[in-house]
Amino acid sequence: MKPLCSLKVLDLTDGNPYTGSMFADYGADVLKIENPHGGDSIRRRGAKDKEEGIYQAFYNRGKKSMTLDIAKSAGGEVLKRLVPHFDMLVVNKPEDEMKKLGLGYKDLKAVNPKLIYGVLTPYGESGPWKDMPDYDLLINSRSGLQEKTGFPERPTKFGFPLAYIYSSWHLSAGMLAAYLKSQETGEGMKVSVSVWHTMVSLDDTFVEGLLGMNTLPKRIGNGFPTTNPTDTFRCKDGWFSLSIGSDVQWINFAKCAGNDMWAEDPRYAHDPARSMENYFGDLDQQLRDYFATITIEEADMICREAMVPGGPCNTFKELASDPQVADRKMLIHIQDPVAGDTLQIGRAAKFIGGAENEDDEIAPAPVLGADTENYLKELGITGEKLEHMRAEGII
Amino acid sequence: MKVLDFTIALAGVYTAWQFADLGAEVWKVERYNAGDQARTWDPFVNGMSTLYCAYNKNKQSIELDLSSQEGKDVIYRMVKEADVVLENFKSGSIDRLGLGYDKLKEINPKIVFMSLSGFGASGPLMKYPCYDAIAAARGGFAASNGEPEGAPMKAGNANCDTLTGIYGFNAVLMALIEARRTGKGCRIDVGMSDVVMVSCAETLMDYGKYGEAQSRFGNHDRFTAPYGIFEARDGWVSIIADTEERWTSMKETLGLPDDPRFADNAGRIANRDALVEQIEAVTRTMFRKEIEEKLLAADVPASEMLPFIEAYTSDHSNQTEATSFAWQDKIGNIRFYNNPIRFNDEVCPIHRGSPLLGQDTRDILASVGYTEAEIQKLIDDEVAGEHMF
């Protein structure tokens, strides 16, 4: 099912495709507006040499591509003529920069009153940090989560752009909510999200912090401050994660692991003694020693038998042959026009029993500018006019 | 918009919270005389869990015994008025309670019903329990972070829960758009592990394409150096010198010696351990703030690493409405984070803090058509409650 099949989106983002990808994955008609000089920089991220990488094949799948230099006035005019045919526009620069091009929210509202105008910026559109450099690692570093992630001796960097992805999903949600509202009121909205604000707001310890309690966030690796054991252990053949949430779960685990002492000894059997007094050190070490003697598969079977939360730390290698992943269609083949057969991550939301709308295929990512002429033709720009725009570097 | 919210674990609680922040009326249905499990989580202020406070602002609480027929009848009435139902019990439990989608859609065919669970409503793992750390492990999130030979690393917060929460929020809004167009709702099935795979798609697919044996690359970028986390005298600083100009500038600013091994990016990648050691020999002698200021002045992207408390008490936080005061029963007037989504440049208002158990039981019952006498009877019969803790 493609629940967004009625939605049309102009995607002006550069290097930050996640909001548009959320729309495109669920059936929206997403037209990427890319600069004619190489296009969206996401096309080159993670790529070797001058190729386009797997990221572009994934993040731009299902979208269309038009080259258009909106910094040139003729390009801006074309965009303005496109806007009435679309429900939404999304950009990852401050509206002020768009205003300079005559493409601010008010400028475009004048040609489409129902337009939803989405803006993603690293730190918001005002405040002392608004011009700070726009890198995921740096935004994360300023927001708190980076400092809190990792073992006590040193923070651990994220291997993927978590802050951009998380905040882009806030922007897509805000735009969808605004679109629902616009269906009632007939009036569009500007929707904006600061990546930094999104990251800082996921902190759940602010209440105690602001009340001056002495329990500020600490970096505790894969642990959890109050319910234990929660940690990642090295088995014979790799890493396994265990997350015990209650005494019942712990006692079941102990029994299935064949260690009655863990279930019966008052130091370990019950909280708060187990988690708070006897975990960090004694019990933790016992568990390390124990897991080192078994395989991941054995650990997994024990957790399943005990019905406690546990699981292997999968990499792509394991996920590629995981029956759960196959059942959920979370790895799918897409024939990309440039990269060929690609194995991509699937869609996480499953819509069941909605309106009849069964076309479930995902189209591959477009070649840069693949749809330029089609869209211009619809605007009546053809022949010499089109060639002129090409010669001027506008398309 | 009205949201009937059965969620009990963070992912779902987060979705409901987004609805509440953006102005929907969220009816949080809580277990009679017990409530959301998060109410029992440390730390407490005046008997109120601060974690519970963090995730339930702007919601309303109705306390119900769902095992009783009268309790179910209340839900059936609420469903008539609601647009959305959210739940994240163990897969299938809500059906056994008689409150599953098949039952509720008979009452309201336009209802959008989302089930969030650890692994989704199908597949061999469907019935197994899952917390944030396990979704991080199974979905590839943890294996994407950390030193190649060291332990995989989850986030320092329940990020797999919150990622799932915001993804689920998107899914419900999509289904609402389609329901308004077609008059027909649907059921949505979202698994945490699946969302996690989407969030770390880059490290996963990279591995898939190039078949490289390594899934995580420690505190530095694979393709560019210097690009990563460095030790400072009083903490940590992130530095990105991603062009030759910036590298030259960084070298001058920190007074690094000329070293032929680091002449170009390829050399710096090949000798990265030595490079990091050389940089840290300098940065360890400087305060993080000082490093940031000097590098930024020299056009080298850098940031000191702030703990949460320094982030939310920063000038930037204060001057950009990252937080607002609101009344929290049992605690008083405290700051909450504003929702990061702004509409027409305005933050969404915070109407109230997080509700006490059953604080809105009477109001919600009245709004779905119960008379005062009927409400009293439900309370006397211990079907509905207002325990207010």
# chains A, B, ... in the order shown; residues from 1 in each chain; ligands from 1
>>> residues_around(residues="segment 238-244 of chain A", least_positions_apart="5", cutoff="6 Å", atoms="only C-alpha atoms", output="NGL selection string")
:A and (228-233 or 309-313)
>>> residues_around(residues="segment 47-55 of chain B", least_positions_apart="3", cutoff="7 Å", atoms="only C-alpha atoms", output="mmCIF file with N, CA, C and O atoms, in the first residue's frame")
data_model
loop_
_atom_site.group_PDB
_atom_site.id
_atom_site.type_symbol
_atom_site.label_atom_id
_atom_site.label_comp_id
_atom_site.auth_asym_id
_atom_site.auth_seq_id
_atom_site.Cartn_x
_atom_site.Cartn_y
_atom_site.Cartn_z
ATOM 1 N N ASP A 204 16.078 12.587 28.259
ATOM 2 C CA ASP A 204 14.979 12.329 29.197
ATOM 3 C C ASP A 204 15.386 12.604 30.643
ATOM 4 O O ASP A 204 14.695 12.227 31.571
ATOM 5 N N THR A 205 16.516 13.231 30.829
ATOM 6 C CA THR A 205 16.989 13.462 32.198
ATOM 7 C C THR A 205 16.894 14.932 32.581
ATOM 8 O O THR A 205 17.374 15.324 33.631
ATOM 9 N N VAL A 207 14.512 16.795 33.565
ATOM 10 C CA VAL A 207 13.742 17.201 34.742
ATOM 11 C C VAL A 207 14.627 17.161 35.983
ATOM 12 O O VAL A 207 14.721 18.130 36.727
ATOM 13 N N GLU A 208 15.333 16.041 36.146
ATOM 14 C CA GLU A 208 16.210 15.949 37.321
ATOM 15 C C GLU A 208 17.340 16.963 37.226
ATOM 16 O O GLU A 208 17.732 17.582 38.212
ATOM 17 N N VAL B 13 4.848 5.404 23.424
ATOM 18 C CA VAL B 13 4.614 6.584 24.265
ATOM 19 C C VAL B 13 5.140 7.831 23.548
ATOM 20 O O VAL B 13 4.551 8.905 23.624
ATOM 21 N N TYR B 14 6.235 7.661 22.827
ATOM 22 C CA TYR B 14 6.833 8.772 22.086
ATOM 23 C C TYR B 14 5.940 9.212 20.919
ATOM 24 O O TYR B 14 5.758 10.404 20.680
ATOM 25 N N TRP B 17 3.161 11.123 22.321
ATOM 26 C CA TRP B 17 3.649 12.414 22.782
ATOM 27 C C TRP B 17 3.731 13.410 21.621
ATOM 28 O O TRP B 17 3.407 14.595 21.751
ATOM 29 N N ALA B 38 6.269 3.329 33.421
ATOM 30 C CA ALA B 38 7.304 4.365 33.600
ATOM 31 C C ALA B 38 7.055 5.185 34.866
ATOM 32 O O ALA B 38 7.962 5.837 35.375
ATOM 33 N N ARG B 39 5.836 5.148 35.400
ATOM 34 C CA ARG B 39 5.551 5.864 36.646
ATOM 35 C C ARG B 39 6.356 5.308 37.820
ATOM 36 O O ARG B 39 6.498 5.962 38.844
ATOM 37 N N THR B 40 6.845 4.067 37.650
ATOM 38 C CA THR B 40 7.579 3.430 38.762
ATOM 39 C C THR B 40 9.091 3.527 38.582
ATOM 40 O O THR B 40 9.844 2.941 39.339
ATOM 41 N N TRP B 41 9.544 4.259 37.566
ATOM 42 C CA TRP B 41 10.974 4.287 37.275
ATOM 43 C C TRP B 41 11.687 5.430 37.987
ATOM 44 O O TRP B 41 11.235 6.563 37.973
ATOM 45 N N ASP B 42 12.839 5.103 38.566
ATOM 46 C CA ASP B 42 13.733 6.104 39.151
ATOM 47 C C ASP B 42 14.189 7.080 38.090
ATOM 48 O O ASP B 42 14.263 6.705 36.932
ATOM 49 N N PRO B 43 14.615 8.277 38.475
ATOM 50 C CA PRO B 43 14.502 8.881 39.802
ATOM 51 C C PRO B 43 13.162 9.617 39.993
ATOM 52 O O PRO B 43 12.502 9.966 39.038
ATOM 53 N N PHE B 44 12.826 9.834 41.274
ATOM 54 C CA PHE B 44 11.557 10.461 41.622
ATOM 55 C C PHE B 44 11.743 11.853 42.217
ATOM 56 O O PHE B 44 12.753 12.117 42.862
ATOM 57 N N LYS B 330 2.631 17.860 41.273
ATOM 58 C CA LYS B 330 3.527 17.204 42.230
ATOM 59 C C LYS B 330 4.934 17.793 42.235
ATOM 60 O O LYS B 330 5.691 17.533 43.148
ATOM 61 N N SER B 354 2.907 16.325 32.555
ATOM 62 C CA SER B 354 2.396 14.973 32.385
ATOM 63 C C SER B 354 1.312 14.692 33.421
ATOM 64 O O SER B 354 1.452 15.059 34.584
#
>>> atom_distance(atom1="atom CA of Leu287 of chain A", atom2="atom CA of Ala9 of chain B")
26.7 Å
>>> residues_around(residues="segment 91-106 of chain B", least_positions_apart="4", cutoff="12 Å", atoms="only C-alpha atoms", output="PyMOL selection string")
(chain A and resi 352-354) or (chain B and resi 4+6-7+65-69+71-87+110-123+125-130+183-191)
>>> write_last_selection(atoms="C-alpha atoms", output="mmCIF file, in the first residue's frame")
data_model
loop_
_atom_site.group_PDB
_atom_site.id
_atom_site.type_symbol
_atom_site.label_atom_id
_atom_site.label_comp_id
_atom_site.auth_asym_id
_atom_site.auth_seq_id
_atom_site.Cartn_x
_atom_site.Cartn_y
_atom_site.Cartn_z
ATOM 1 C CA ILE A 352 -2.567 -3.576 6.171
ATOM 2 C CA GLY A 353 -6.107 -3.586 4.895
ATOM 3 C CA GLY A 354 -6.329 -0.039 3.664
ATOM 4 C CA LEU B 4 -6.774 6.632 21.873
ATOM 5 C CA PHE B 6 -2.799 2.266 24.921
ATOM 6 C CA THR B 7 0.980 2.500 24.678
ATOM 7 C CA ASP B 65 -9.813 -1.808 34.090
ATOM 8 C CA LEU B 66 -9.719 -3.235 30.567
ATOM 9 C CA SER B 67 -10.328 -6.787 31.734
ATOM 10 C CA SER B 68 -13.908 -5.906 32.674
ATOM 11 C CA GLN B 69 -16.696 -5.704 30.098
ATOM 12 C CA GLY B 71 -14.052 -1.128 30.779
ATOM 13 C CA LYS B 72 -14.114 -2.440 27.226
ATOM 14 C CA ASP B 73 -17.440 -0.698 26.674
ATOM 15 C CA VAL B 74 -15.782 2.588 27.590
ATOM 16 C CA ILE B 75 -13.155 1.939 24.917
ATOM 17 C CA TYR B 76 -15.828 1.124 22.341
ATOM 18 C CA ARG B 77 -17.427 4.490 23.017
ATOM 19 C CA MET B 78 -14.085 6.272 22.848
ATOM 20 C CA VAL B 79 -13.254 4.625 19.521
ATOM 21 C CA LYS B 80 -16.326 6.197 17.967
ATOM 22 C CA GLU B 81 -14.859 9.624 18.661
ATOM 23 C CA ALA B 82 -11.223 8.792 17.941
ATOM 24 C CA ASP B 83 -9.161 9.132 14.754
ATOM 25 C CA VAL B 84 -6.208 7.043 15.875
ATOM 26 C CA VAL B 85 -5.515 4.058 18.117
ATOM 27 C CA LEU B 86 -1.954 3.398 19.287
ATOM 28 C CA GLU B 87 -0.774 0.282 21.078
ATOM 29 C CA LYS B 110 -12.042 5.233 9.506
ATOM 30 C CA ILE B 111 -9.872 4.403 12.484
ATOM 31 C CA VAL B 112 -6.112 4.258 11.922
ATOM 32 C CA PHE B 113 -4.714 1.614 14.246
ATOM 33 C CA MET B 114 -0.988 1.307 14.813
ATOM 34 C CA SER B 115 0.719 -1.582 16.568
ATOM 35 C CA LEU B 116 4.346 -1.000 17.502
ATOM 36 C CA SER B 117 6.386 -3.957 18.666
ATOM 37 C CA GLY B 118 9.954 -5.128 18.905
ATOM 38 C CA PHE B 119 10.004 -7.221 15.757
ATOM 39 C CA GLY B 120 6.635 -6.477 14.144
ATOM 40 C CA ALA B 121 3.570 -8.687 13.820
ATOM 41 C CA SER B 122 5.125 -11.441 11.732
ATOM 42 C CA GLY B 123 8.218 -13.598 11.380
ATOM 43 C CA LEU B 125 10.898 -13.364 16.256
ATOM 44 C CA MET B 126 7.397 -11.911 16.490
ATOM 45 C CA LYS B 127 6.564 -13.354 19.903
ATOM 46 C CA TYR B 128 9.863 -12.554 21.636
ATOM 47 C CA PRO B 129 10.402 -9.615 23.982
ATOM 48 C CA CYS B 130 12.516 -6.696 22.873
ATOM 49 C CA GLY B 183 -13.006 7.019 3.982
ATOM 50 C CA LYS B 184 -11.217 3.875 5.029
ATOM 51 C CA GLY B 185 -8.709 3.425 7.805
ATOM 52 C CA CYS B 186 -6.117 0.718 8.126
ATOM 53 C CA ARG B 187 -3.882 -1.168 10.497
ATOM 54 C CA ILE B 188 -0.201 -0.292 10.660
ATOM 55 C CA ASP B 189 2.419 -2.737 11.840
ATOM 56 C CA VAL B 190 5.802 -1.284 12.800
ATOM 57 C CA GLY B 191 8.688 -3.240 14.335
#
>>> select_by_dssp(residues="segment 75-159 of chain B", states="strand (DSSP E or B)", output="list in words")
Val84, Val85, Leu86, Glu87, Val112, Phe113, Met114, Ser115, Leu116 and Ser117 of chain B
>>> write_last_selection(atoms="N, CA and C atoms", output="compact mmCIF listing (two decimals), in the first residue's frame")
# COMPACT_ATOMS: atom_id res chain seq x y z
N VAL B 84 -7.41 7.88 15.84
CA VAL B 84 -6.21 7.04 15.87
C VAL B 84 -6.23 6.16 17.12
N VAL B 85 -5.77 4.92 16.96
CA VAL B 85 -5.51 4.06 18.12
C VAL B 85 -4.04 3.65 18.07
N LEU B 86 -3.36 3.79 19.20
CA LEU B 86 -1.95 3.40 19.29
C LEU B 86 -1.80 2.33 20.36
N GLU B 87 -1.04 1.29 20.04
CA GLU B 87 -0.77 0.28 21.08
C GLU B 87 0.60 -0.34 20.86
N VAL B 112 -7.48 4.67 12.27
CA VAL B 112 -6.11 4.26 11.92
C VAL B 112 -5.50 3.65 13.18
N PHE B 113 -5.08 2.40 13.07
CA PHE B 113 -4.71 1.61 14.25
C PHE B 113 -3.27 1.18 14.10
N MET B 114 -2.40 1.70 14.94
CA MET B 114 -0.99 1.31 14.81
C MET B 114 -0.54 0.42 15.96
N SER B 115 0.06 -0.71 15.60
CA SER B 115 0.72 -1.58 16.57
C SER B 115 2.23 -1.43 16.41
N LEU B 116 2.88 -1.03 17.49
CA LEU B 116 4.35 -1.00 17.50
C LEU B 116 4.82 -2.18 18.34
N SER B 117 5.83 -2.86 17.86
CA SER B 117 6.39 -3.96 18.67
C SER B 117 7.86 -4.11 18.35
>>> closest_atom_pairs(of="chain A", to="chain B", cutoff="6 Å", atoms="only C-alpha atoms", output="CSV")
residue,atom,partner,partner_atom,distance
A:Pro3,CA,B:Glu178,CA,5.4
A:Gly127,CA,B:His316,CA,5.4
A:Pro128,CA,B:His316,CA,5.5
A:Pro133,CA,B:Pro301,CA,5.8
A:Leu138,CA,B:Ser303,CA,5.6
A:Ser141,CA,B:Met305,CA,4.5
A:Arg142,CA,B:Leu306,CA,5.2
A:Ser143,CA,B:Ala311,CA,5.4
A:Gly144,CA,B:Phe308,CA,3.9
A:Glu147,CA,B:Pro307,CA,5.6
A:Lys148,CA,B:Gly156,CA,4.9
A:Thr149,CA,B:Gly156,CA,4.0
A:Thr156,CA,B:Gly146,CA,5.8
A:Lys157,CA,B:Asn219,CA,5.0
A:Phe158,CA,B:Asn145,CA,5.2
A:Gly159,CA,B:Asn145,CA,5.1
A:Phe160,CA,B:Cys200,CA,6.0
A:Ala173,CA,B:Asn170,CA,4.9
A:Met189,CA,B:Asn344,CA,5.9
A:Lys190,CA,B:Asn344,CA,4.8
A:Val191,CA,B:Phe343,CA,4.7
A:Ser192,CA,B:Arg342,CA,5.1
A:Val193,CA,B:Ile341,CA,5.0
A:His197,CA,B:Pro340,CA,5.6
A:Thr198,CA,B:Pro340,CA,5.1
A:Ser201,CA,B:Tyr337,CA,5.6
A:Asp204,CA,B:Ala54,CA,5.5
A:Val207,CA,B:Thr50,CA,5.8
A:Asn222,CA,B:Lys154,CA,5.9
A:Pro309,CA,B:Cys130,CA,4.9
A:Gly310,CA,B:Ile134,CA,5.8
A:Gly311,CA,B:Ile134,CA,5.7
A:Pro312,CA,B:Arg138,CA,5.9
A:Cys313,CA,B:Ala137,CA,4.1
A:Asn314,CA,B:Gly140,CA,5.1
A:Thr315,CA,B:Gly140,CA,5.3
A:Phe316,CA,B:Leu204,CA,5.1
A:Gln324,CA,B:Gly123,CA,5.1
A:Asp327,CA,B:Gly123,CA,5.3
A:Ala348,CA,B:Asp194,CA,5.1
A:Ala349,CA,B:Val190,CA,5.0
A:Lys350,CA,B:Asp189,CA,5.0
A:Phe351,CA,B:Ile188,CA,4.7
A:Ile352,CA,B:Arg187,CA,5.1
A:Gly353,CA,B:Cys186,CA,5.4
A:Gly354,CA,B:Cys186,CA,4.5
>>> residues_around(residues="Val91 of chain A", least_positions_apart="2", cutoff="7 Å", atoms="only C-alpha atoms", output="mmCIF file with all heavy atoms, in the first residue's frame")
data_model
loop_
_atom_site.group_PDB
_atom_site.id
_atom_site.type_symbol
_atom_site.label_atom_id
_atom_site.label_comp_id
_atom_site.auth_asym_id
_atom_site.auth_seq_id
_atom_site.Cartn_x
_atom_site.Cartn_y
_atom_site.Cartn_z
ATOM 1 N N ASP A 11 11.385 18.412 -3.858
ATOM 2 C CA ASP A 11 12.475 18.159 -2.914
ATOM 3 C C ASP A 11 13.710 18.942 -3.353
ATOM 4 O O ASP A 11 14.387 18.575 -4.308
ATOM 5 C CB ASP A 11 12.756 16.652 -2.889
ATOM 6 C CG ASP A 11 13.842 16.279 -1.891
ATOM 7 O OD1 ASP A 11 14.495 17.193 -1.345
ATOM 8 O OD2 ASP A 11 14.040 15.069 -1.667
ATOM 9 N N LEU A 12 13.982 20.046 -2.645
ATOM 10 C CA LEU A 12 15.115 20.908 -2.994
ATOM 11 C C LEU A 12 16.336 20.653 -2.113
ATOM 12 O O LEU A 12 17.282 21.432 -2.123
ATOM 13 C CB LEU A 12 14.714 22.389 -2.853
ATOM 14 C CG LEU A 12 14.014 23.045 -4.038
ATOM 15 C CD1 LEU A 12 12.639 22.467 -4.255
ATOM 16 C CD2 LEU A 12 13.907 24.558 -3.836
ATOM 17 N N THR A 13 16.311 19.575 -1.360
ATOM 18 C CA THR A 13 17.399 19.354 -0.403
ATOM 19 C C THR A 13 18.697 18.970 -1.113
ATOM 20 O O THR A 13 18.684 18.404 -2.206
ATOM 21 C CB THR A 13 17.058 18.217 0.578
ATOM 22 O OG1 THR A 13 16.808 17.027 -0.165
ATOM 23 C CG2 THR A 13 15.864 18.558 1.415
ATOM 24 N N LEU A 89 6.941 21.483 -0.441
ATOM 25 C CA LEU A 89 8.306 21.764 -0.872
ATOM 26 C C LEU A 89 9.196 21.580 0.347
ATOM 27 O O LEU A 89 8.813 21.957 1.461
ATOM 28 C CB LEU A 89 8.372 23.199 -1.396
ATOM 29 C CG LEU A 89 9.726 23.806 -1.783
ATOM 30 C CD1 LEU A 89 9.511 24.811 -2.917
ATOM 31 C CD2 LEU A 89 10.385 24.510 -0.605
ATOM 32 N N LYS A 93 17.950 24.566 3.836
ATOM 33 C CA LYS A 93 18.687 25.793 4.128
ATOM 34 C C LYS A 93 17.714 26.765 4.764
ATOM 35 O O LYS A 93 16.493 26.604 4.624
ATOM 36 C CB LYS A 93 19.340 26.349 2.872
ATOM 37 C CG LYS A 93 18.409 26.573 1.696
ATOM 38 C CD LYS A 93 19.119 27.280 0.562
ATOM 39 C CE LYS A 93 19.650 26.327 -0.484
ATOM 40 N NZ LYS A 93 20.087 26.958 -1.716
ATOM 41 N N GLY A 118 8.616 23.113 3.901
ATOM 42 C CA GLY A 118 9.427 22.481 4.953
ATOM 43 C C GLY A 118 10.873 22.942 4.936
ATOM 44 O O GLY A 118 11.489 23.014 3.871
ATOM 45 N N VAL A 119 11.393 23.246 6.109
ATOM 46 C CA VAL A 119 12.760 23.762 6.231
ATOM 47 C C VAL A 119 13.521 22.966 7.298
ATOM 48 O O VAL A 119 13.082 22.887 8.447
ATOM 49 C CB VAL A 119 12.743 25.255 6.647
ATOM 50 C CG1 VAL A 119 14.155 25.754 6.926
ATOM 51 C CG2 VAL A 119 12.075 26.109 5.571
ATOM 52 N N LEU A 120 14.646 22.409 6.918
ATOM 53 C CA LEU A 120 15.510 21.733 7.893
ATOM 54 C C LEU A 120 16.824 22.500 7.991
ATOM 55 O O LEU A 120 17.466 22.761 6.974
ATOM 56 C CB LEU A 120 15.802 20.297 7.448
ATOM 57 C CG LEU A 120 16.575 19.457 8.468
ATOM 58 C CD1 LEU A 120 15.648 18.977 9.586
ATOM 59 C CD2 LEU A 120 17.234 18.244 7.812
#
>>> select_by_dssp(residues="segment 68-284 of chain A", states="helix (DSSP H, G or I)", output="PyMOL selection string")
chain A and resi 73-85+95-100+105-109+136-143+145-148+162-185+195-200+206-210+247-256+260-264+266-269+273-277+279-284
>>> write_last_selection(atoms="C-alpha atoms", output="mmCIF file, in the first residue's frame")
data_model
loop_
_atom_site.group_PDB
_atom_site.id
_atom_site.type_symbol
_atom_site.label_atom_id
_atom_site.label_comp_id
_atom_site.auth_asym_id
_atom_site.auth_seq_id
_atom_site.Cartn_x
_atom_site.Cartn_y
_atom_site.Cartn_z
ATOM 1 C CA SER A 73 16.346 34.118 -11.903
ATOM 2 C CA ALA A 74 15.054 32.134 -14.897
ATOM 3 C CA GLY A 75 15.484 28.978 -12.802
ATOM 4 C CA GLY A 76 13.589 30.523 -9.906
ATOM 5 C CA GLU A 77 10.788 31.434 -12.304
ATOM 6 C CA VAL A 78 10.508 27.818 -13.442
ATOM 7 C CA LEU A 79 10.298 26.710 -9.818
ATOM 8 C CA LYS A 80 7.515 29.211 -9.194
ATOM 9 C CA ARG A 81 5.618 27.791 -12.125
ATOM 10 C CA LEU A 82 6.028 24.269 -10.733
ATOM 11 C CA VAL A 83 4.871 25.134 -7.212
ATOM 12 C CA PRO A 84 1.107 25.333 -7.976
ATOM 13 C CA HIS A 85 1.234 21.714 -9.146
ATOM 14 C CA GLU A 95 14.259 30.413 4.631
ATOM 15 C CA ASP A 96 16.261 33.660 4.592
ATOM 16 C CA GLU A 97 18.494 32.226 1.885
ATOM 17 C CA MET A 98 15.454 31.240 -0.133
ATOM 18 C CA LYS A 99 13.995 34.727 0.343
ATOM 19 C CA LYS A 100 17.057 36.194 -1.328
ATOM 20 C CA TYR A 105 7.470 30.979 2.021
ATOM 21 C CA LYS A 106 5.425 34.130 1.311
ATOM 22 C CA ASP A 107 6.679 34.318 -2.279
ATOM 23 C CA LEU A 108 5.542 30.775 -2.949
ATOM 24 C CA LYS A 109 2.370 31.003 -0.882
ATOM 25 C CA ASP A 136 26.087 15.530 11.748
ATOM 26 C CA LEU A 137 29.002 14.810 14.095
ATOM 27 C CA LEU A 138 29.274 18.447 15.149
ATOM 28 C CA ILE A 139 25.559 18.951 15.762
ATOM 29 C CA ASN A 140 25.505 15.742 17.761
ATOM 30 C CA SER A 141 28.510 16.941 19.743
ATOM 31 C CA ARG A 142 26.727 20.151 20.740
ATOM 32 C CA SER A 143 23.450 18.447 21.660
ATOM 33 C CA LEU A 145 23.797 12.608 22.968
ATOM 34 C CA GLN A 146 27.320 12.252 21.580
ATOM 35 C CA GLU A 147 28.846 12.947 24.968
ATOM 36 C CA LYS A 148 26.573 10.373 26.574
ATOM 37 C CA LEU A 162 21.789 9.687 13.198
ATOM 38 C CA ALA A 163 20.992 13.340 13.959
ATOM 39 C CA TYR A 164 20.008 14.219 10.390
ATOM 40 C CA ILE A 165 17.915 11.099 9.972
ATOM 41 C CA TYR A 166 16.108 11.493 13.276
ATOM 42 C CA SER A 167 15.355 15.179 12.697
ATOM 43 C CA SER A 168 14.401 14.682 9.040
ATOM 44 C CA TRP A 169 11.749 12.253 10.221
ATOM 45 C CA HIS A 170 10.468 14.969 12.542
ATOM 46 C CA LEU A 171 10.273 17.320 9.583
ATOM 47 C CA SER A 172 8.407 14.815 7.416
ATOM 48 C CA ALA A 173 5.942 14.237 10.270
ATOM 49 C CA GLY A 174 5.451 17.966 10.796
ATOM 50 C CA MET A 175 4.809 18.435 7.084
ATOM 51 C CA LEU A 176 2.295 15.579 7.003
ATOM 52 C CA ALA A 177 0.499 17.030 10.028
ATOM 53 C CA ALA A 178 0.444 20.458 8.382
ATOM 54 C CA TYR A 179 -0.893 18.909 5.183
ATOM 55 C CA LEU A 180 -3.763 17.289 7.105
ATOM 56 C CA LYS A 181 -4.527 20.673 8.627
ATOM 57 C CA SER A 182 -4.375 22.388 5.239
ATOM 58 C CA GLN A 183 -7.013 19.973 3.947
ATOM 59 C CA GLU A 184 -9.372 21.494 6.518
ATOM 60 C CA THR A 185 -8.359 25.132 6.371
ATOM 61 C CA VAL A 195 18.472 19.223 13.951
ATOM 62 C CA TRP A 196 20.106 20.382 17.187
ATOM 63 C CA HIS A 197 16.794 21.062 18.922
ATOM 64 C CA THR A 198 15.561 17.619 17.894
ATOM 65 C CA MET A 199 18.626 15.919 19.336
ATOM 66 C CA VAL A 200 18.675 17.839 22.606
ATOM 67 C CA PHE A 206 16.278 17.186 31.953
ATOM 68 C CA VAL A 207 13.742 17.201 34.742
ATOM 69 C CA GLU A 208 16.210 15.949 37.321
ATOM 70 C CA GLY A 209 18.961 18.102 35.843
ATOM 71 C CA LEU A 210 16.928 21.257 36.075
ATOM 72 C CA ASP A 247 13.313 -9.890 38.494
ATOM 73 C CA VAL A 248 11.065 -12.393 36.719
ATOM 74 C CA GLN A 249 13.059 -12.068 33.515
ATOM 75 C CA TRP A 250 16.326 -12.414 35.414
ATOM 76 C CA ILE A 251 15.272 -15.523 37.285
ATOM 77 C CA ASN A 252 14.043 -17.136 34.053
ATOM 78 C CA PHE A 253 17.333 -16.306 32.402
ATOM 79 C CA ALA A 254 19.327 -17.743 35.312
ATOM 80 C CA LYS A 255 17.361 -20.992 35.181
ATOM 81 C CA CYS A 256 17.715 -21.380 31.423
ATOM 82 C CA ASP A 260 20.686 -21.529 40.177
ATOM 83 C CA MET A 261 22.836 -19.261 42.272
ATOM 84 C CA TRP A 262 21.877 -16.246 40.154
ATOM 85 C CA ALA A 263 18.211 -17.064 40.730
ATOM 86 C CA GLU A 264 18.478 -17.848 44.451
ATOM 87 C CA PRO A 266 19.718 -12.744 47.565
ATOM 88 C CA ARG A 267 22.572 -10.615 46.236
ATOM 89 C CA TYR A 268 21.459 -11.330 42.673
ATOM 90 C CA ALA A 269 17.874 -12.542 42.668
ATOM 91 C CA ALA A 273 20.293 -5.153 45.133
ATOM 92 C CA ARG A 274 21.085 -6.917 41.859
ATOM 93 C CA SER A 275 21.043 -3.876 39.624
ATOM 94 C CA MET A 276 22.390 -1.225 41.899
ATOM 95 C CA GLU A 277 24.722 -2.923 44.381
ATOM 96 C CA TYR A 279 25.884 -5.618 39.116
ATOM 97 C CA PHE A 280 28.678 -3.197 38.478
ATOM 98 C CA GLY A 281 31.591 -5.421 39.299
ATOM 99 C CA ASP A 282 30.772 -8.800 40.673
ATOM 100 C CA LEU A 283 27.754 -10.014 38.694
ATOM 101 C CA ASP A 284 28.881 -8.211 35.564
#
>>> atom_distance(atom1="atom CA of Leu4 of chain A", atom2="atom CA of Val111 of chain A")
23.1 Å
>>> atom_distance(atom1="atom CA of Met66 of chain A", atom2="atom CA of Glu387 of chain A")
15.0 Å
